$ cat my_file24.cif   # mmCIF, C-alpha atoms
data_structure
#
loop_
_atom_site.label_atom_id
_atom_site.label_comp_id
_atom_site.auth_asym_id
_atom_site.auth_seq_id
_atom_site.Cartn_x
_atom_site.Cartn_y
_atom_site.Cartn_z
CA MET P 1 -3.35 14.82 15.55
CA SER P 2 -1.03 15.85 12.70
CA PRO P 3 1.76 13.72 11.24
CA ASN P 4 5.45 14.48 11.11
CA SER P 5 6.82 14.55 7.55
CA ARG P 6 10.23 12.91 7.37
CA TYR P 7 12.81 11.53 4.92
CA ALA P 8 15.24 8.60 5.05
CA THR P 9 17.82 7.25 2.62
CA CYS P 10 16.95 3.65 1.79
CA ALA P 11 18.71 1.50 -0.83
CA GLY P 12 20.38 4.67 -2.08
CA TYR P 13 17.16 6.68 -2.50
CA GLU P 14 15.45 9.42 -0.55
CA ILE P 15 12.21 7.94 0.75
CA HIS P 16 9.51 10.15 2.21
CA TYR P 17 7.24 8.96 5.01
CA THR P 18 4.80 10.43 7.48
CA GLU P 19 4.95 9.35 11.09
CA TRP P 20 2.18 9.47 13.68
CA GLY P 21 2.05 8.72 17.40
CA ALA P 22 4.65 8.26 20.11
CA GLN P 23 8.12 6.95 19.33
CA ASP P 24 7.92 4.31 22.06
CA ALA P 25 4.54 2.90 21.01
CA PRO P 26 4.09 -0.41 19.14
CA VAL P 27 4.75 0.14 15.43
CA VAL P 28 2.36 -0.19 12.50
CA ILE P 29 3.66 0.13 8.93
CA ALA P 30 0.83 1.36 6.68
CA TRP P 31 1.80 0.99 3.01
CA HIS P 32 -0.27 2.37 0.14
CA GLY P 33 -1.33 0.98 -3.24
CA LEU P 34 0.28 0.98 -6.68
CA ALA P 35 -0.34 4.51 -7.97
CA ARG P 36 -1.02 6.19 -4.64
CA THR P 37 0.91 7.79 -1.78
CA GLY P 38 1.29 7.27 1.94
CA ARG P 39 -1.15 10.09 2.64
CA ASP P 40 -3.96 7.68 1.70
CA MET P 41 -3.40 6.25 5.18
CA ASP P 42 -4.13 9.51 7.03
CA GLU P 43 -7.50 8.45 8.46
CA LEU P 44 -6.19 5.09 9.58
CA ALA P 45 -3.02 6.59 11.06
CA ALA P 46 -4.94 9.31 12.91
CA HIS P 47 -7.28 6.66 14.34
CA LEU P 48 -4.40 4.46 15.51
CA ALA P 49 -2.01 7.19 16.68
CA PRO P 50 -3.22 7.43 20.31
CA ARG P 51 -2.01 3.85 20.85
CA TRP P 52 0.44 3.14 18.02
CA ARG P 53 3.43 4.61 16.19
CA VAL P 54 2.28 4.58 12.56
CA VAL P 55 4.74 4.92 9.68
CA CYS P 56 3.31 5.62 6.21
CA PRO P 57 5.95 5.55 3.45
CA ASP P 58 5.75 6.82 -0.11
CA THR P 59 7.03 3.99 -2.30
CA LEU P 60 9.97 4.67 -4.59
CA GLY P 61 8.62 6.69 -7.54
CA ARG P 62 5.50 7.85 -5.72
CA GLY P 63 4.56 10.96 -3.80
CA LEU P 64 7.58 12.81 -2.43
CA SER P 65 9.97 9.86 -2.66
CA GLN P 66 12.75 9.89 -5.22
CA TRP P 67 12.19 8.26 -8.61
CA SER P 68 14.18 5.21 -9.66
CA ARG P 69 17.31 5.66 -11.76
CA ARG P 70 16.88 2.09 -13.08
CA PRO P 71 13.12 1.62 -13.48
CA GLN P 72 13.34 -1.73 -15.28
CA ASP P 73 15.28 -3.25 -12.38
CA GLU P 74 13.96 -1.43 -9.33
CA TYR P 75 10.21 -1.07 -9.74
CA CYS P 76 9.51 -4.54 -8.39
CA LEU P 77 8.62 -6.25 -5.13
CA SER P 78 12.13 -7.45 -4.36
CA PHE P 79 13.55 -3.92 -4.48
CA TYR P 80 10.63 -2.51 -2.51
CA ALA P 81 11.43 -5.12 0.16
CA ARG P 82 15.02 -3.90 0.23
CA ILE P 83 13.78 -0.36 0.79
CA ALA P 84 11.51 -1.57 3.59
CA ALA P 85 14.39 -3.43 5.27
CA ASP P 86 16.51 -0.28 5.24
CA LEU P 87 13.57 1.75 6.58
CA PHE P 88 13.14 -0.67 9.50
CA ASP P 89 16.81 -0.35 10.37
CA GLN P 90 17.04 3.41 9.97
CA LEU P 91 13.97 4.01 12.12
CA GLY P 92 15.11 1.54 14.75
CA ILE P 93 12.06 -0.69 14.29
CA ALA P 94 12.67 -4.08 15.87
CA GLN P 95 9.17 -5.39 15.12
CA ALA P 96 6.03 -4.03 13.51
CA HIS P 97 2.55 -4.90 12.35
CA TRP P 98 1.88 -4.29 8.65
CA VAL P 99 -1.24 -2.90 6.99
CA GLY P 100 -0.96 -2.87 3.20
CA THR P 101 -3.42 -1.74 0.55
CA SER P 102 -3.09 -3.55 -2.80
CA MET P 103 0.62 -3.29 -3.73
CA GLY P 104 1.36 -2.40 -0.12
CA GLY P 105 -0.07 -5.76 0.91
CA ALA P 106 2.15 -7.58 -1.58
CA ILE P 107 5.21 -5.72 -0.26
CA GLY P 108 4.20 -6.71 3.26
CA THR P 109 3.82 -10.35 2.22
CA VAL P 110 7.30 -10.62 0.71
CA CYS P 111 8.82 -8.71 3.62
CA ALA P 112 7.17 -10.91 6.25
CA ALA P 113 8.15 -14.09 4.39
CA GLY P 114 11.81 -13.09 4.46
CA LEU P 115 12.68 -14.80 1.18
CA PHE P 116 13.93 -11.57 -0.42
CA GLU P 117 15.23 -9.93 2.76
CA PRO P 118 16.00 -12.61 5.37
CA GLN P 119 16.76 -9.97 8.01
CA LEU P 120 13.04 -9.09 8.06
CA LYS P 121 11.92 -12.61 8.99
CA GLY P 122 10.30 -12.50 12.40
CA ARG P 123 10.16 -8.70 12.50
CA ILE P 124 6.62 -8.41 11.08
CA ARG P 125 4.20 -9.66 13.72
CA SER P 126 0.96 -9.54 11.71
CA LEU P 127 -0.17 -8.73 8.20
CA LEU P 128 -3.37 -7.08 7.00
CA LEU P 129 -3.98 -7.40 3.26
CA ASN P 130 -6.39 -4.72 2.07
CA ASP P 131 -7.80 -6.20 -1.14
CA ASN P 132 -4.58 -8.02 -1.91
CA ALA P 133 -3.79 -11.71 -2.29
CA PRO P 134 -0.93 -13.94 -3.49
CA GLN P 135 -2.56 -14.10 -6.92
CA LEU P 136 -4.45 -11.28 -8.64
CA ALA P 137 -6.96 -11.44 -11.48
CA ASP P 138 -5.31 -11.00 -14.89
CA ALA P 139 -8.08 -8.83 -16.31
CA ALA P 140 -7.89 -6.41 -13.40
CA LEU P 141 -4.09 -6.25 -13.66
CA ALA P 142 -4.43 -5.36 -17.33
CA ARG P 143 -6.86 -2.58 -16.44
CA ILE P 144 -4.51 -1.17 -13.81
CA LYS P 145 -1.54 -1.34 -16.17
CA ALA P 146 -3.50 0.53 -18.84
CA TYR P 147 -4.32 3.55 -16.69
CA ALA P 148 -1.20 3.57 -14.47
CA GLY P 149 1.27 3.63 -17.35
CA GLN P 150 -0.35 6.63 -19.03
CA PRO P 151 -1.45 9.05 -16.30
CA PRO P 152 -3.66 11.84 -17.66
CA ALA P 153 -2.89 15.53 -17.32
CA PHE P 154 -5.41 18.31 -16.72
CA ASP P 155 -5.40 22.08 -16.76
CA THR P 156 -6.88 22.36 -13.26
CA VAL P 157 -6.75 20.53 -9.95
CA ARG P 158 -10.54 20.33 -9.93
CA GLU P 159 -10.45 18.40 -13.20
CA LEU P 160 -7.91 16.01 -11.70
CA GLU P 161 -10.13 15.57 -8.66
CA ALA P 162 -13.04 14.65 -10.93
CA PHE P 163 -10.81 12.02 -12.57
CA PHE P 164 -9.81 10.60 -9.18
CA ARG P 165 -13.44 10.44 -8.08
CA GLN P 166 -14.23 8.37 -11.16
CA VAL P 167 -11.27 5.99 -11.22
CA TYR P 168 -11.26 5.44 -7.43
CA GLN P 169 -15.01 5.11 -7.03
CA PRO P 170 -14.46 1.47 -5.89
CA TYR P 171 -12.78 2.83 -2.73
CA GLY P 172 -16.25 3.34 -1.31
CA TRP P 173 -17.55 6.43 0.48
CA LEU P 174 -15.25 9.43 0.89
CA SER P 175 -16.36 12.85 2.08
CA ASP P 176 -15.82 15.88 -0.16
CA ALA P 177 -12.97 16.95 2.13
CA GLN P 178 -11.35 13.52 1.83
CA TRP P 179 -11.57 13.58 -1.97
CA ARG P 180 -9.98 17.03 -1.98
CA ARG P 181 -7.15 15.92 0.30
CA LEU P 182 -6.60 12.74 -1.73
CA THR P 183 -6.23 14.94 -4.79
CA GLU P 184 -3.99 17.59 -3.26
CA THR P 185 -1.64 15.03 -1.69
CA SER P 186 -1.16 13.14 -4.94
CA THR P 187 -0.81 15.93 -7.52
CA ARG P 188 2.24 17.33 -9.30
CA ARG P 189 2.58 19.97 -12.00
CA LEU P 190 4.20 19.24 -15.32
CA GLY P 191 6.54 21.57 -17.18
CA ASP P 192 3.63 22.98 -19.16
CA GLY P 193 1.71 23.85 -15.99
CA ARG P 194 -0.85 21.06 -16.16
CA VAL P 195 -1.43 18.71 -13.24
CA THR P 196 -1.07 14.94 -13.13
CA PRO P 197 -0.95 12.17 -10.50
CA HIS P 198 2.16 12.30 -8.33
CA TYR P 199 4.05 9.21 -9.48
CA ASP P 200 6.65 8.11 -12.01
CA PRO P 201 4.84 6.58 -15.02
CA ALA P 202 7.80 4.24 -15.45
CA MET P 203 6.70 2.34 -12.34
CA VAL P 204 4.38 0.41 -14.67
CA GLN P 205 7.54 -1.44 -15.80
CA GLN P 206 6.93 -3.70 -12.83
CA PHE P 207 4.34 -5.34 -15.08
CA THR P 208 6.25 -5.24 -18.37
CA HIS P 209 9.67 -6.39 -17.07
CA HIS P 210 8.76 -8.60 -14.11
CA ASP P 211 6.34 -11.25 -15.24
CA ASN P 212 4.20 -12.61 -12.43
CA ASP P 213 5.74 -10.27 -9.85
CA TYR P 214 2.41 -10.37 -8.04
CA ARG P 215 2.12 -14.16 -8.08
CA ILE P 216 3.65 -14.69 -4.66
CA TRP P 217 2.25 -17.95 -3.33
CA GLU P 218 5.73 -19.08 -2.26
CA HIS P 219 5.99 -16.03 0.00
CA TYR P 220 2.44 -16.43 1.31
CA ASP P 221 3.09 -20.10 2.14
CA ALA P 222 6.12 -19.06 4.21
CA LEU P 223 4.08 -16.79 6.50
CA ASP P 224 3.67 -17.95 10.08
CA ILE P 225 1.87 -14.92 11.52
CA PRO P 226 -1.75 -13.74 11.86
CA VAL P 227 -3.13 -12.55 8.51
CA LEU P 228 -6.34 -10.66 7.82
CA CYS P 229 -7.50 -10.30 4.22
CA LEU P 230 -10.07 -7.55 3.69
CA ARG P 231 -11.68 -8.18 0.32
CA GLY P 232 -13.78 -5.50 -1.30
CA ALA P 233 -17.08 -7.27 -1.95
CA GLU P 234 -17.10 -5.93 -5.51
CA SER P 235 -13.37 -6.34 -6.15
CA ASP P 236 -12.30 -7.49 -9.59
CA LEU P 237 -8.68 -7.91 -8.42
CA VAL P 238 -9.02 -10.37 -5.54
CA LEU P 239 -11.44 -13.11 -6.58
CA PRO P 240 -13.42 -15.32 -4.18
CA GLN P 241 -11.72 -18.44 -5.51
CA THR P 242 -8.36 -16.93 -4.58
CA THR P 243 -9.33 -16.25 -0.97
CA ALA P 244 -10.74 -19.77 -0.85
CA ALA P 245 -7.35 -21.10 -1.97
CA MET P 246 -5.65 -18.96 0.68
CA GLN P 247 -7.64 -20.79 3.35
CA LEU P 248 -6.11 -24.12 2.30
CA ARG P 249 -2.41 -23.27 2.42
CA GLY P 250 0.18 -21.25 4.32
CA PRO P 251 -1.32 -19.34 7.24
CA GLY P 252 -4.78 -20.44 6.14
CA ALA P 253 -3.93 -24.09 6.67
CA ARG P 254 -2.40 -23.18 10.04
CA GLY P 255 -5.54 -21.41 11.23
CA GLN P 256 -3.88 -17.98 11.12
CA LEU P 257 -5.97 -16.44 8.32
CA GLN P 258 -9.18 -14.45 8.50
CA VAL P 259 -11.02 -13.27 5.38
CA LEU P 260 -13.62 -10.53 5.67
CA GLU P 261 -15.63 -8.95 2.87
CA VAL P 262 -16.10 -5.18 2.97
CA GLN P 263 -19.49 -4.25 1.57
CA ASP P 264 -20.05 -1.36 -0.86
CA CYS P 265 -16.39 -1.39 -1.94
CA GLY P 266 -14.37 -2.79 -4.80
CA HIS P 267 -10.64 -2.34 -5.15
CA ALA P 268 -9.76 -1.21 -2.56
CA PRO P 269 -11.52 -0.13 0.66
CA ALA P 270 -10.26 3.32 1.65
CA LEU P 271 -9.90 2.42 5.36
CA ASN P 272 -11.51 5.74 6.21
CA VAL P 273 -14.86 4.95 7.83
CA THR P 274 -15.66 3.82 11.36
CA GLY P 275 -16.41 0.16 10.66
CA GLN P 276 -13.24 -0.37 8.63
CA LEU P 277 -11.07 1.48 11.14
CA GLN P 278 -12.45 -0.55 14.03
CA THR P 279 -11.87 -3.81 12.13
CA VAL P 280 -8.22 -2.91 11.49
CA GLU P 281 -7.63 -1.85 15.10
CA ALA P 282 -9.27 -4.97 16.53
CA PHE P 283 -7.01 -7.17 14.40
CA LEU P 284 -3.90 -5.24 15.44
CA LEU P 285 -4.80 -5.37 19.13
CA ALA P 286 -5.39 -9.12 18.99
CA ALA P 287 -2.08 -9.64 17.19
CA GLU P 288 -0.25 -7.44 19.66
CA ARG P 289 -1.58 -9.50 22.57
CA SER P 290 -0.69 -12.83 20.99
#

$ encode --input "my_file24.cif" --output "structure tokens"
Amino acid sequence: MSPNSRYATCAGYEIHYTEWGAQDAPVVIAWHGLARTGRDMDELAAHLAPRWRVVCPDTLGRGLSQWSRRPQDEYCLSFYARIAADLFDQLGIAQAHWVGTSMGGAIGTVCAAGLFEPQLKGRIRSLLLNDNAPQLADAALARIKAYAGQPPAFDTVRELEAFFRQVYQPYGWLSDAQWRRLTETSTRRLGDGRVTPHYDPAMVQQFTHHDNDYRIWEHYDALDIPVLCLRGAESDLVLPQTTAAMQLRGPGARGQLQVLEVQDCGHAPALNVTGQLQTVEAFLLAAERS
């Protein structure tokens, strides 16, 4: 099954998304990580599409979505939540389940909590955090900020693919075809003809102008829905002590949290192999029945 490529105007910006499955099926929002694009969710969306309507946005400043005109103010979780709220309304989504990798999980958390966008409260039925948590390790954040703010440029797409294979090795196993598609769906050419990752480098201002934007315990504590945290067993971003703390508060204290470790992965599992896909679908089906 192939996706439909579509555009919507959200919070004054053109936002690109791919859409899979039937329009009348239960909805899953699949939101990508910090420096990635919605096409990272292709395997997951294709797996879910026979039963679900899957919407995979490109965040503002990533992929084919428009870049921010005010990067200091708009590359932050509160503005991403505003974009998500507009996307729900424009696509006529009354309720949805949310699968978010890394940053996409944080966006899902603040959307489901409803503290930034109260109109979203109650509209997200379940939340899957793919190697994301209400508090992230400082050392790993510093590493991400270092490479995300200064994306490299290469003469050839094959050189860029080699870079992606190195920096995203913690994703776990990808086939050669998947690495090639990951590269080709997240590449843009510069004015001098070289290629670079397909995002606005200014999005790193989320870290330099919004201190502790990813410390979102208040939002996590407000969740009253099923939550599944998939932690890469070798992740340096989501630490075991953080998932332990999650069990003691918010949905964890209410018995609504599951934490599963994904072996042979760090930050973050690619959600592209059978075991991972089946785990996601089983969680969604259980949440849909509840």

$ residues_around --input "my_file24.cif" --residues "segment 126-138 of chain P" --least-positions-apart "4" --cutoff "6 Å" --atoms "all atoms listed in the file" --output "list in words"
His97, Trp98, Val99, Gly100, Thr101, Ser102, Gly105, Arg215, Ile216, Trp217, Ile225, Pro226, Val227, Leu228, Cys229, Leu230, Arg231, Leu237, Val238 and Ala268 of chain P

$ residues_near_point --input "my_file24.cif" --point "(-13.2, -7.1, -4.6)" --cutoff "9 Å" --atoms "only C-alpha atoms" --output "list in words"
Asp131, Pro170, Leu230, Arg231, Gly232, Ala233, Glu234, Ser235, Asp236, Leu237, Val238, Leu239, Pro240, Glu261, Val262, Cys265, Gly266, His267, Ala268 and Pro269 of chain P

$ atom_distance --input "my_file24.cif" --atom1 "atom CA of Val55 of chain P" --atom2 "atom CA of Ile29 of chain P"
5.0 Å

$ atom_distance --input "my_file24.cif" --atom1 "atom CA of Pro251 of chain P" --atom2 "atom CA of Met41 of chain P"
25.8 Å

$ resolve_selection --input "my_file24.cif" --expression "the PyMOL selection byres ((chain P and resi 147) around 12)" --output "list in words"
Leu34, Ala35, Ala140, Leu141, Ala142, Arg143, Ile144, Lys145, Ala146, Ala148, Gly149, Gln150, Pro151, Pro152, Phe163, Phe164, Val167, Tyr168, Pro197, Pro201, Met203 and Val204 of chain P

$ closest_residue --input "my_file24.cif" --among "P:Leu174, P:Cys76, P:Leu248, P:Val280" --to "Ala106 of chain P" --atoms "all atoms listed in the file"
P:Cys76

$ atom_distance --input "my_file24.cif" --atom1 "atom CA of Arg62 of chain P" --atom2 "atom CA of His32 of chain P"
9.9 Å

$ residues_around --input "my_file24.cif" --residues "Leu223 of chain P" --least-positions-apart "5" --cutoff "7 Å" --atoms "only C-alpha atoms" --output "list of chain:residue names"
P:Ala112, P:Ala113, P:Gly250, P:Pro251

$ write_last_selection --input "my_file24.cif" --atoms "C-alpha atoms" --output "PDB file, in the frame of the given file"
ATOM      1  CA  ALA P 112       7.170 -10.910   6.250  1.00  0.00           C
ATOM      2  CA  ALA P 113       8.150 -14.090   4.390  1.00  0.00           C
ATOM      3  CA  GLY P 250       0.180 -21.250   4.320  1.00  0.00           C
ATOM      4  CA  PRO P 251      -1.320 -19.340   7.240  1.00  0.00           C
TER       5      PRO P 251
END

$ closest_residue --input "my_file24.cif" --among "P:Ile15, P:Ala8, P:Leu77, P:Ala22" --to "Leu64 of chain P" --atoms "all atoms listed in the file"
P:Ile15

$ closest_residue --input "my_file24.cif" --among "P:Thr9, P:Thr279, P:Gln23, P:Thr156" --to "Ala85 of chain P" --atoms "only C-alpha atoms"
P:Thr9

$ residues_around --input "my_file24.cif" --residues "Ala49 of chain P" --least-positions-apart "5" --cutoff "7 Å" --atoms "all atoms listed in the file" --output "list in words"
Trp20, Gly21 and Val54 of chain P

$ closest_residue --input "my_file24.cif" --among "P:Ser186, P:Gln178, P:Ala11, P:Leu277" --to "Gln90 of chain P" --atoms "only C-alpha atoms"
P:Ala11

$ residues_around --input "my_file24.cif" --residues "Pro57 of chain P" --least-positions-apart "4" --cutoff "10 Å" --atoms "all atoms listed in the file" --output "ChimeraX atom specification"
/P:5-8,15-19,29-32,37-39,41,62-65,84,87,104

$ residues_around --input "my_file24.cif" --residues "Arg249 of chain P" --least-positions-apart "4" --cutoff "9 Å" --atoms "only C-alpha atoms" --output "PyMOL selection string"
chain P and resi 220-221+245+253-254

$ closest_residue --input "my_file24.cif" --among "P:Ala162, P:Met1, P:Gly108, P:His209" --to "Gln72 of chain P" --atoms "only C-alpha atoms"
P:His209

$ closest_residue --input "my_file24.cif" --among "P:Asp200, P:Asp89, P:Asp42, P:Asp176" --to "Trp67 of chain P" --atoms "all atoms listed in the file"
P:Asp200

$ resolve_selection --input "my_file24.cif" --expression "the PyMOL selection byres ((chain P and resi 95) around 7)" --output "count of residues only"
6
